[in-house]
$ cat start19.cif   # mmCIF, N, CA and C atoms
data_upload
loop_
_atom_site.label_atom_id
_atom_site.label_comp_id
_atom_site.auth_asym_id
_atom_site.auth_seq_id
_atom_site.Cartn_x
_atom_site.Cartn_y
_atom_site.Cartn_z
N MET A 1 192.04 91.57 103.36
CA MET A 1 191.31 90.62 102.54
C MET A 1 191.65 89.20 102.99
N LEU A 2 190.65 88.38 103.13
CA LEU A 2 190.86 86.98 103.45
C LEU A 2 191.25 86.24 102.18
N THR A 3 192.29 85.41 102.26
CA THR A 3 192.85 84.79 101.06
C THR A 3 192.59 83.30 100.91
N ARG A 4 192.27 82.62 102.04
CA ARG A 4 192.10 81.17 101.95
C ARG A 4 191.56 80.64 103.27
N ILE A 5 191.16 79.39 103.27
CA ILE A 5 190.95 78.70 104.53
C ILE A 5 192.33 78.24 104.96
N ASP A 6 192.82 78.80 106.04
CA ASP A 6 194.15 78.44 106.53
C ASP A 6 194.11 77.06 107.17
N HIS A 7 193.15 76.87 108.08
CA HIS A 7 193.02 75.54 108.69
C HIS A 7 191.65 75.38 109.32
N ILE A 8 191.34 74.14 109.59
CA ILE A 8 190.17 73.79 110.38
C ILE A 8 190.71 73.13 111.64
N GLY A 9 190.34 73.68 112.79
CA GLY A 9 190.79 73.15 114.07
C GLY A 9 189.85 72.06 114.56
N ILE A 10 190.43 70.93 114.95
CA ILE A 10 189.65 69.79 115.42
C ILE A 10 190.14 69.44 116.83
N ALA A 11 189.24 69.52 117.79
CA ALA A 11 189.57 69.18 119.17
C ALA A 11 189.50 67.67 119.36
N CYS A 12 190.46 67.13 120.09
CA CYS A 12 190.49 65.68 120.32
C CYS A 12 191.02 65.38 121.71
N HIS A 13 190.68 64.19 122.21
CA HIS A 13 191.16 63.75 123.52
C HIS A 13 192.56 63.14 123.43
N ASP A 14 192.88 62.48 122.32
CA ASP A 14 194.14 61.76 122.16
C ASP A 14 194.76 62.14 120.82
N LEU A 15 195.72 63.05 120.87
CA LEU A 15 196.33 63.56 119.64
C LEU A 15 196.96 62.45 118.81
N ASP A 16 197.71 61.56 119.44
CA ASP A 16 198.39 60.50 118.69
C ASP A 16 197.41 59.59 117.96
N ALA A 17 196.33 59.22 118.62
CA ALA A 17 195.32 58.35 117.99
C ALA A 17 194.61 59.09 116.86
N THR A 18 194.37 60.39 117.04
CA THR A 18 193.69 61.17 116.00
C THR A 18 194.60 61.36 114.80
N VAL A 19 195.87 61.64 115.03
CA VAL A 19 196.84 61.74 113.93
C VAL A 19 196.87 60.43 113.16
N GLU A 20 196.91 59.31 113.87
CA GLU A 20 196.96 58.01 113.21
C GLU A 20 195.70 57.77 112.37
N PHE A 21 194.54 58.18 112.85
CA PHE A 21 193.31 58.05 112.05
C PHE A 21 193.44 58.82 110.74
N TYR A 22 193.87 60.07 110.79
CA TYR A 22 193.97 60.88 109.56
C TYR A 22 195.07 60.36 108.63
N ARG A 23 196.14 59.80 109.21
CA ARG A 23 197.20 59.21 108.39
C ARG A 23 196.69 57.95 107.70
N ALA A 24 196.11 57.04 108.47
CA ALA A 24 195.67 55.75 107.93
C ALA A 24 194.47 55.90 106.99
N THR A 25 193.57 56.81 107.29
CA THR A 25 192.34 56.95 106.51
C THR A 25 192.54 57.78 105.25
N TYR A 26 193.25 58.90 105.38
CA TYR A 26 193.36 59.86 104.27
C TYR A 26 194.78 60.03 103.73
N GLY A 27 195.76 59.48 104.42
CA GLY A 27 197.14 59.62 103.97
C GLY A 27 197.79 60.93 104.37
N PHE A 28 197.16 61.70 105.26
CA PHE A 28 197.74 62.99 105.70
C PHE A 28 198.86 62.73 106.70
N GLU A 29 199.95 63.45 106.54
CA GLU A 29 201.09 63.32 107.45
C GLU A 29 201.25 64.60 108.25
N VAL A 30 201.86 64.49 109.41
CA VAL A 30 202.13 65.66 110.25
C VAL A 30 203.19 66.52 109.56
N PHE A 31 202.85 67.77 109.35
CA PHE A 31 203.77 68.75 108.78
C PHE A 31 204.53 69.46 109.90
N HIS A 32 203.83 69.70 111.00
CA HIS A 32 204.40 70.45 112.13
C HIS A 32 203.67 70.04 113.40
N SER A 33 204.39 69.98 114.50
CA SER A 33 203.75 69.74 115.79
C SER A 33 204.42 70.62 116.83
N GLU A 34 203.66 70.98 117.85
CA GLU A 34 204.20 71.81 118.92
C GLU A 34 203.26 71.77 120.11
N VAL A 35 203.76 72.27 121.23
CA VAL A 35 202.94 72.51 122.41
C VAL A 35 202.85 74.02 122.56
N ASN A 36 201.63 74.53 122.65
CA ASN A 36 201.41 75.95 122.87
C ASN A 36 200.99 76.11 124.33
N GLU A 37 201.96 76.47 125.16
CA GLU A 37 201.73 76.58 126.61
C GLU A 37 200.68 77.64 126.92
N GLU A 38 200.72 78.78 126.20
CA GLU A 38 199.77 79.87 126.46
C GLU A 38 198.33 79.41 126.26
N GLN A 39 198.10 78.61 125.21
CA GLN A 39 196.74 78.14 124.93
C GLN A 39 196.44 76.79 125.57
N GLY A 40 197.44 76.16 126.17
CA GLY A 40 197.22 74.90 126.86
C GLY A 40 196.87 73.75 125.94
N VAL A 41 197.56 73.66 124.78
CA VAL A 41 197.28 72.59 123.83
C VAL A 41 198.57 71.99 123.27
N ARG A 42 198.44 70.73 122.91
CA ARG A 42 199.44 70.04 122.09
C ARG A 42 198.77 69.89 120.74
N GLU A 43 199.48 70.21 119.67
CA GLU A 43 198.83 70.23 118.37
C GLU A 43 199.69 69.61 117.28
N ALA A 44 199.00 69.19 116.24
CA ALA A 44 199.65 68.69 115.03
C ALA A 44 198.97 69.36 113.84
N MET A 45 199.78 69.87 112.93
CA MET A 45 199.27 70.47 111.70
C MET A 45 199.49 69.47 110.57
N LEU A 46 198.39 69.10 109.91
CA LEU A 46 198.44 68.18 108.77
C LEU A 46 198.19 69.00 107.51
N ARG A 47 199.20 69.13 106.66
CA ARG A 47 199.04 69.96 105.46
C ARG A 47 198.22 69.21 104.42
N ILE A 48 197.21 69.93 103.90
CA ILE A 48 196.33 69.36 102.90
C ILE A 48 196.79 69.75 101.49
N ASN A 49 197.11 71.04 101.31
CA ASN A 49 197.55 71.50 99.99
C ASN A 49 198.27 72.83 100.09
N GLU A 50 198.93 73.21 99.03
CA GLU A 50 199.57 74.53 98.90
C GLU A 50 198.55 75.49 98.30
N THR A 51 198.76 76.80 98.48
CA THR A 51 197.88 77.79 97.88
C THR A 51 198.69 78.80 97.09
N SER A 52 198.03 79.55 96.24
CA SER A 52 198.71 80.48 95.36
C SER A 52 199.36 81.66 96.09
N ASP A 53 198.92 81.94 97.33
CA ASP A 53 199.52 83.07 98.06
C ASP A 53 200.72 82.65 98.90
N GLY A 54 201.22 81.44 98.70
CA GLY A 54 202.39 80.97 99.42
C GLY A 54 202.06 80.27 100.73
N GLY A 55 200.78 80.28 101.11
CA GLY A 55 200.37 79.59 102.32
C GLY A 55 199.95 78.18 101.99
N ALA A 56 199.27 77.57 102.90
CA ALA A 56 198.77 76.21 102.69
C ALA A 56 197.49 76.08 103.48
N SER A 57 196.79 74.99 103.28
CA SER A 57 195.61 74.66 104.06
C SER A 57 195.93 73.43 104.90
N TYR A 58 195.48 73.47 106.16
CA TYR A 58 195.82 72.43 107.12
C TYR A 58 194.59 71.95 107.88
N LEU A 59 194.71 70.78 108.46
CA LEU A 59 193.88 70.37 109.58
C LEU A 59 194.75 70.57 110.81
N GLN A 60 194.23 71.23 111.82
CA GLN A 60 194.95 71.43 113.07
C GLN A 60 194.27 70.57 114.12
N LEU A 61 194.98 69.57 114.61
CA LEU A 61 194.46 68.69 115.64
C LEU A 61 194.93 69.21 116.99
N LEU A 62 194.00 69.37 117.93
CA LEU A 62 194.27 70.02 119.21
C LEU A 62 193.90 69.10 120.37
N GLU A 63 194.88 68.81 121.22
CA GLU A 63 194.66 68.05 122.45
C GLU A 63 194.99 68.96 123.62
N PRO A 64 194.09 69.13 124.58
CA PRO A 64 194.40 69.99 125.72
C PRO A 64 195.51 69.40 126.59
N THR A 65 196.33 70.29 127.16
CA THR A 65 197.39 69.85 128.07
C THR A 65 197.04 70.15 129.52
N ARG A 66 195.95 70.90 129.71
CA ARG A 66 195.49 71.18 131.06
C ARG A 66 193.97 71.40 131.04
N GLU A 67 193.34 71.10 132.17
CA GLU A 67 191.87 71.12 132.26
C GLU A 67 191.27 72.51 132.15
N ASP A 68 192.04 73.56 132.43
CA ASP A 68 191.50 74.91 132.37
C ASP A 68 191.67 75.58 131.00
N SER A 69 192.20 74.85 130.04
CA SER A 69 192.38 75.44 128.70
C SER A 69 191.03 75.55 127.99
N THR A 70 190.96 76.46 127.05
CA THR A 70 189.74 76.66 126.28
C THR A 70 189.33 75.39 125.55
N VAL A 71 190.31 74.68 124.99
CA VAL A 71 190.00 73.45 124.25
C VAL A 71 189.48 72.36 125.20
N ALA A 72 190.06 72.25 126.40
CA ALA A 72 189.57 71.25 127.36
C ALA A 72 188.13 71.54 127.76
N LYS A 73 187.83 72.80 127.99
CA LYS A 73 186.45 73.18 128.34
C LYS A 73 185.50 72.91 127.19
N TRP A 74 185.95 73.19 125.98
CA TRP A 74 185.12 72.95 124.79
C TRP A 74 184.86 71.45 124.63
N LEU A 75 185.91 70.63 124.80
CA LEU A 75 185.75 69.17 124.70
C LEU A 75 184.77 68.64 125.75
N ALA A 76 184.87 69.16 126.96
CA ALA A 76 183.97 68.69 128.02
C ALA A 76 182.51 68.99 127.69
N LYS A 77 182.28 70.09 127.03
CA LYS A 77 180.92 70.50 126.69
C LYS A 77 180.41 69.85 125.40
N ASN A 78 181.29 69.74 124.39
CA ASN A 78 180.86 69.34 123.05
C ASN A 78 181.37 67.99 122.56
N GLY A 79 182.41 67.46 123.17
CA GLY A 79 183.04 66.24 122.66
C GLY A 79 183.96 66.57 121.50
N GLU A 80 184.56 65.53 120.96
CA GLU A 80 185.52 65.72 119.87
C GLU A 80 184.81 66.24 118.61
N GLY A 81 185.56 67.02 117.84
CA GLY A 81 185.01 67.49 116.58
C GLY A 81 185.57 68.84 116.18
N VAL A 82 184.92 69.44 115.18
CA VAL A 82 185.37 70.72 114.65
C VAL A 82 185.24 71.78 115.74
N HIS A 83 186.34 72.44 116.03
CA HIS A 83 186.41 73.46 117.07
C HIS A 83 186.33 74.86 116.48
N HIS A 84 187.04 75.09 115.36
CA HIS A 84 187.03 76.42 114.74
C HIS A 84 187.47 76.33 113.29
N ILE A 85 187.23 77.44 112.57
CA ILE A 85 187.73 77.59 111.20
C ILE A 85 188.61 78.83 111.18
N ALA A 86 189.71 78.74 110.45
CA ALA A 86 190.66 79.85 110.38
C ALA A 86 190.84 80.30 108.94
N PHE A 87 190.75 81.61 108.75
CA PHE A 87 190.96 82.20 107.44
C PHE A 87 192.31 82.89 107.41
N GLY A 88 193.04 82.71 106.32
CA GLY A 88 194.33 83.36 106.13
C GLY A 88 194.16 84.78 105.62
N THR A 89 195.05 85.65 106.05
CA THR A 89 195.09 87.04 105.59
C THR A 89 196.53 87.53 105.64
N ALA A 90 196.86 88.45 104.77
CA ALA A 90 198.21 89.01 104.75
C ALA A 90 198.46 89.91 105.95
N ASP A 91 197.39 90.47 106.55
CA ASP A 91 197.54 91.44 107.64
C ASP A 91 196.45 91.22 108.68
N VAL A 92 196.74 90.40 109.68
CA VAL A 92 195.74 90.06 110.70
C VAL A 92 195.29 91.30 111.47
N ASP A 93 196.19 92.25 111.69
CA ASP A 93 195.82 93.46 112.43
C ASP A 93 194.77 94.27 111.67
N ALA A 94 195.03 94.52 110.40
CA ALA A 94 194.11 95.31 109.58
C ALA A 94 192.79 94.58 109.37
N GLU A 95 192.85 93.28 109.15
CA GLU A 95 191.63 92.50 108.92
C GLU A 95 190.76 92.48 110.18
N ALA A 96 191.39 92.28 111.34
CA ALA A 96 190.64 92.27 112.59
C ALA A 96 190.00 93.63 112.85
N ALA A 97 190.72 94.71 112.58
CA ALA A 97 190.17 96.05 112.78
C ALA A 97 188.98 96.30 111.85
N ALA A 98 189.10 95.89 110.60
CA ALA A 98 188.01 96.09 109.64
C ALA A 98 186.77 95.29 110.04
N ILE A 99 186.97 94.07 110.52
CA ILE A 99 185.84 93.24 110.94
C ILE A 99 185.22 93.79 112.22
N LYS A 100 186.06 94.28 113.13
CA LYS A 100 185.56 94.89 114.36
C LYS A 100 184.69 96.11 114.03
N ASP A 101 185.10 96.89 113.03
CA ASP A 101 184.32 98.06 112.60
C ASP A 101 182.94 97.67 112.08
N LYS A 102 182.77 96.41 111.71
CA LYS A 102 181.47 95.92 111.22
C LYS A 102 180.62 95.36 112.36
N GLY A 103 181.10 95.49 113.60
CA GLY A 103 180.32 95.08 114.75
C GLY A 103 180.58 93.69 115.28
N VAL A 104 181.62 93.03 114.78
CA VAL A 104 181.98 91.69 115.24
C VAL A 104 183.02 91.82 116.36
N ARG A 105 182.78 91.14 117.47
CA ARG A 105 183.73 91.20 118.58
C ARG A 105 185.00 90.40 118.25
N VAL A 106 186.14 91.05 118.47
CA VAL A 106 187.45 90.42 118.31
C VAL A 106 187.92 90.06 119.72
N LEU A 107 188.33 88.81 119.91
CA LEU A 107 188.61 88.31 121.26
C LEU A 107 189.94 88.76 121.85
N TYR A 108 190.93 89.11 121.04
CA TYR A 108 192.22 89.57 121.55
C TYR A 108 192.43 91.02 121.15
N GLU A 109 192.86 91.85 122.10
CA GLU A 109 193.18 93.25 121.79
C GLU A 109 194.30 93.33 120.75
N GLU A 110 195.31 92.51 120.92
CA GLU A 110 196.45 92.42 120.00
C GLU A 110 196.58 90.97 119.56
N PRO A 111 196.90 90.72 118.28
CA PRO A 111 197.10 89.34 117.85
C PRO A 111 198.17 88.65 118.69
N ARG A 112 198.03 87.33 118.84
CA ARG A 112 198.96 86.51 119.60
C ARG A 112 199.72 85.57 118.67
N ARG A 113 200.72 84.91 119.25
CA ARG A 113 201.48 83.92 118.50
C ARG A 113 200.63 82.67 118.34
N GLY A 114 200.56 82.15 117.11
CA GLY A 114 199.85 80.92 116.83
C GLY A 114 200.80 79.86 116.34
N SER A 115 200.27 78.83 115.73
CA SER A 115 201.06 77.71 115.22
C SER A 115 202.11 78.18 114.22
N MET A 116 203.23 77.55 114.26
CA MET A 116 204.32 77.76 113.29
C MET A 116 204.73 79.23 113.20
N GLY A 117 204.63 79.96 114.31
CA GLY A 117 205.06 81.36 114.33
C GLY A 117 204.08 82.34 113.70
N SER A 118 202.86 81.91 113.45
CA SER A 118 201.86 82.79 112.85
C SER A 118 201.39 83.83 113.87
N ARG A 119 200.66 84.82 113.39
CA ARG A 119 199.98 85.81 114.24
C ARG A 119 198.49 85.57 114.08
N ILE A 120 197.78 85.50 115.22
CA ILE A 120 196.37 85.11 115.19
C ILE A 120 195.50 85.98 116.08
N THR A 121 194.22 85.99 115.78
CA THR A 121 193.19 86.46 116.69
C THR A 121 191.92 85.69 116.38
N PHE A 122 190.97 85.76 117.31
CA PHE A 122 189.70 85.05 117.13
C PHE A 122 188.55 86.03 117.15
N LEU A 123 187.47 85.64 116.46
CA LEU A 123 186.22 86.40 116.44
C LEU A 123 185.20 85.66 117.28
N HIS A 124 184.37 86.39 117.99
CA HIS A 124 183.40 85.77 118.90
C HIS A 124 182.40 84.91 118.12
N PRO A 125 182.20 83.66 118.52
CA PRO A 125 181.28 82.79 117.78
C PRO A 125 179.83 83.29 117.76
N LYS A 126 179.41 84.00 118.79
CA LYS A 126 178.04 84.50 118.80
C LYS A 126 177.82 85.57 117.73
N ASP A 127 178.89 86.19 117.27
CA ASP A 127 178.79 87.20 116.21
C ASP A 127 179.01 86.59 114.83
N CYS A 128 179.37 85.30 114.79
CA CYS A 128 179.71 84.61 113.53
C CYS A 128 178.82 83.37 113.34
N HIS A 129 177.55 83.49 113.68
CA HIS A 129 176.56 82.42 113.50
C HIS A 129 177.00 81.11 114.14
N GLY A 130 177.58 81.23 115.36
CA GLY A 130 177.92 80.05 116.13
C GLY A 130 179.27 79.42 115.80
N VAL A 131 180.05 80.06 114.92
CA VAL A 131 181.33 79.48 114.51
C VAL A 131 182.47 80.29 115.11
N LEU A 132 183.30 79.65 115.94
CA LEU A 132 184.53 80.29 116.41
C LEU A 132 185.41 80.47 115.19
N THR A 133 185.80 81.70 114.90
CA THR A 133 186.54 82.03 113.68
C THR A 133 187.88 82.64 114.04
N GLU A 134 188.92 82.13 113.42
CA GLU A 134 190.28 82.61 113.66
C GLU A 134 190.78 83.32 112.41
N LEU A 135 191.52 84.39 112.61
CA LEU A 135 192.22 85.08 111.52
C LEU A 135 193.71 84.81 111.70
N VAL A 136 194.40 84.47 110.60
CA VAL A 136 195.79 84.03 110.67
C VAL A 136 196.64 84.74 109.63
N THR A 137 197.76 85.30 110.08
CA THR A 137 198.81 85.73 109.16
C THR A 137 199.95 84.74 109.36
N SER A 138 200.22 83.94 108.36
CA SER A 138 201.24 82.89 108.45
C SER A 138 202.63 83.49 108.45
N ALA A 139 203.53 82.86 109.20
CA ALA A 139 204.95 83.18 109.12
C ALA A 139 205.50 82.43 107.91
N PRO A 140 206.56 82.95 107.30
CA PRO A 140 207.15 82.18 106.18
C PRO A 140 207.58 80.80 106.65
N VAL A 141 207.23 79.78 105.88
CA VAL A 141 207.56 78.40 106.23
C VAL A 141 208.56 77.88 105.20
N GLU A 142 209.76 77.53 105.70
CA GLU A 142 210.79 77.04 104.79
C GLU A 142 210.89 75.53 104.79
N SER A 143 210.72 74.92 105.97
CA SER A 143 210.80 73.47 106.04
C SER A 143 210.00 73.00 107.23
N PRO A 144 209.54 71.75 107.20
CA PRO A 144 208.76 71.24 108.32
C PRO A 144 209.59 71.18 109.59
N GLU A 145 208.95 71.45 110.72
CA GLU A 145 209.56 71.30 112.05
C GLU A 145 208.74 70.30 112.82
N HIS A 146 209.36 69.35 113.41
CA HIS A 146 208.62 68.38 114.24
C HIS A 146 209.09 68.44 115.64
#
$ encode --input "start19.cif" --output "structure tokens"
Amino acid sequence: MLTRIDHIGIACHDLDATVEFYRATYGFEVFHSEVNEEQGVREAMLRINETSDGGASYLQLLEPTREDSTVAKWLAKNGEGVHHIAFGTADVDAEAAAIKDKGVRVLYEEPRRGSMGSRITFLHPKDCHGVLTELVTSAPVESPEH
């Protein structure tokens, strides 16, 4: 069962400038930042609110670290903006299998490591009305890491 909007991923050319825009405009602060070498991105998670299932909702700002990354290719084609939406679930494996049984292509055979130690997979945008969709099982978060 999907429990919440975990995050909205926003692709950007300059992570620091984009973080500053969200800080100055909306008052959002960086909760967590990291470089994900596998996905070729530098990212910042801006926490928006807490949720009843112990998770939270975030904006995930993504800057590519190499030209061959998925985000770099997406930016070259589309420019800055909303890249994907992610839904939280207690069991990404079971949720992905159930959605796959409904005819939606799941992009990873096995979930991968995502932000803040989460487990993730993606659904093909052509099967989701043009929206790249991520499924996320969050790792327990005790304190912010920068």
$ select_by_dssp --input "start19.cif" --residues "chain A" --states "alpha helix (DSSP H)" --output "PyMOL selection string"
chain A and resi 15-26+70-78+92-100
$ residues_around --input "start19.cif" --residues "stretch 107-119 of chain A" --least-positions-apart "3" --cutoff "8 Å" --atoms "only C-alpha atoms" --output "MDAnalysis selection string"
chainID A and resid 32 34 36 92:93 122:124 136:139 141
$ select_by_dssp --input "start19.cif" --residues "stretch 86-138 of chain A" --states "strand (DSSP E)" --output "VMD selection string"
chain A and resid 86 to 89 112 to 113 119 to 123 133 to 137
$ resolve_selection --input "start19.cif" --expression "the PyMOL selection byres ((chain A and resi 9-26) around 5)" --output "list in words"
His7, Ile8, Gly27, Phe28, Gln60, Leu61, Leu62, Glu63, Glu80, Gly81, Val82, His83, His84 and Ile85 of chain A
$ residues_around --input "start19.cif" --residues "stretch 64-76 of chain A" --least-positions-apart "6" --cutoff "7 Å" --atoms "only C-alpha atoms" --output "PyMOL selection string"
chain A and resi 11+39-42
$ residues_around --input "start19.cif" --residues "A:Glu95" --least-positions-apart "5" --cutoff "8 Å" --atoms "only N, CA and C atoms" --output "PyMOL selection string"
chain A and resi 1-2+89-90+100-101+135
$ atom_distance --input "start19.cif" --atom1 "atom N of A:Gly130" --atom2 "atom N of A:Arg105"
11.4 Å
$ atom_distance --input "start19.cif" --atom1 "atom CA of A:His129" --atom2 "atom C of A:Ala56"
24.1 Å
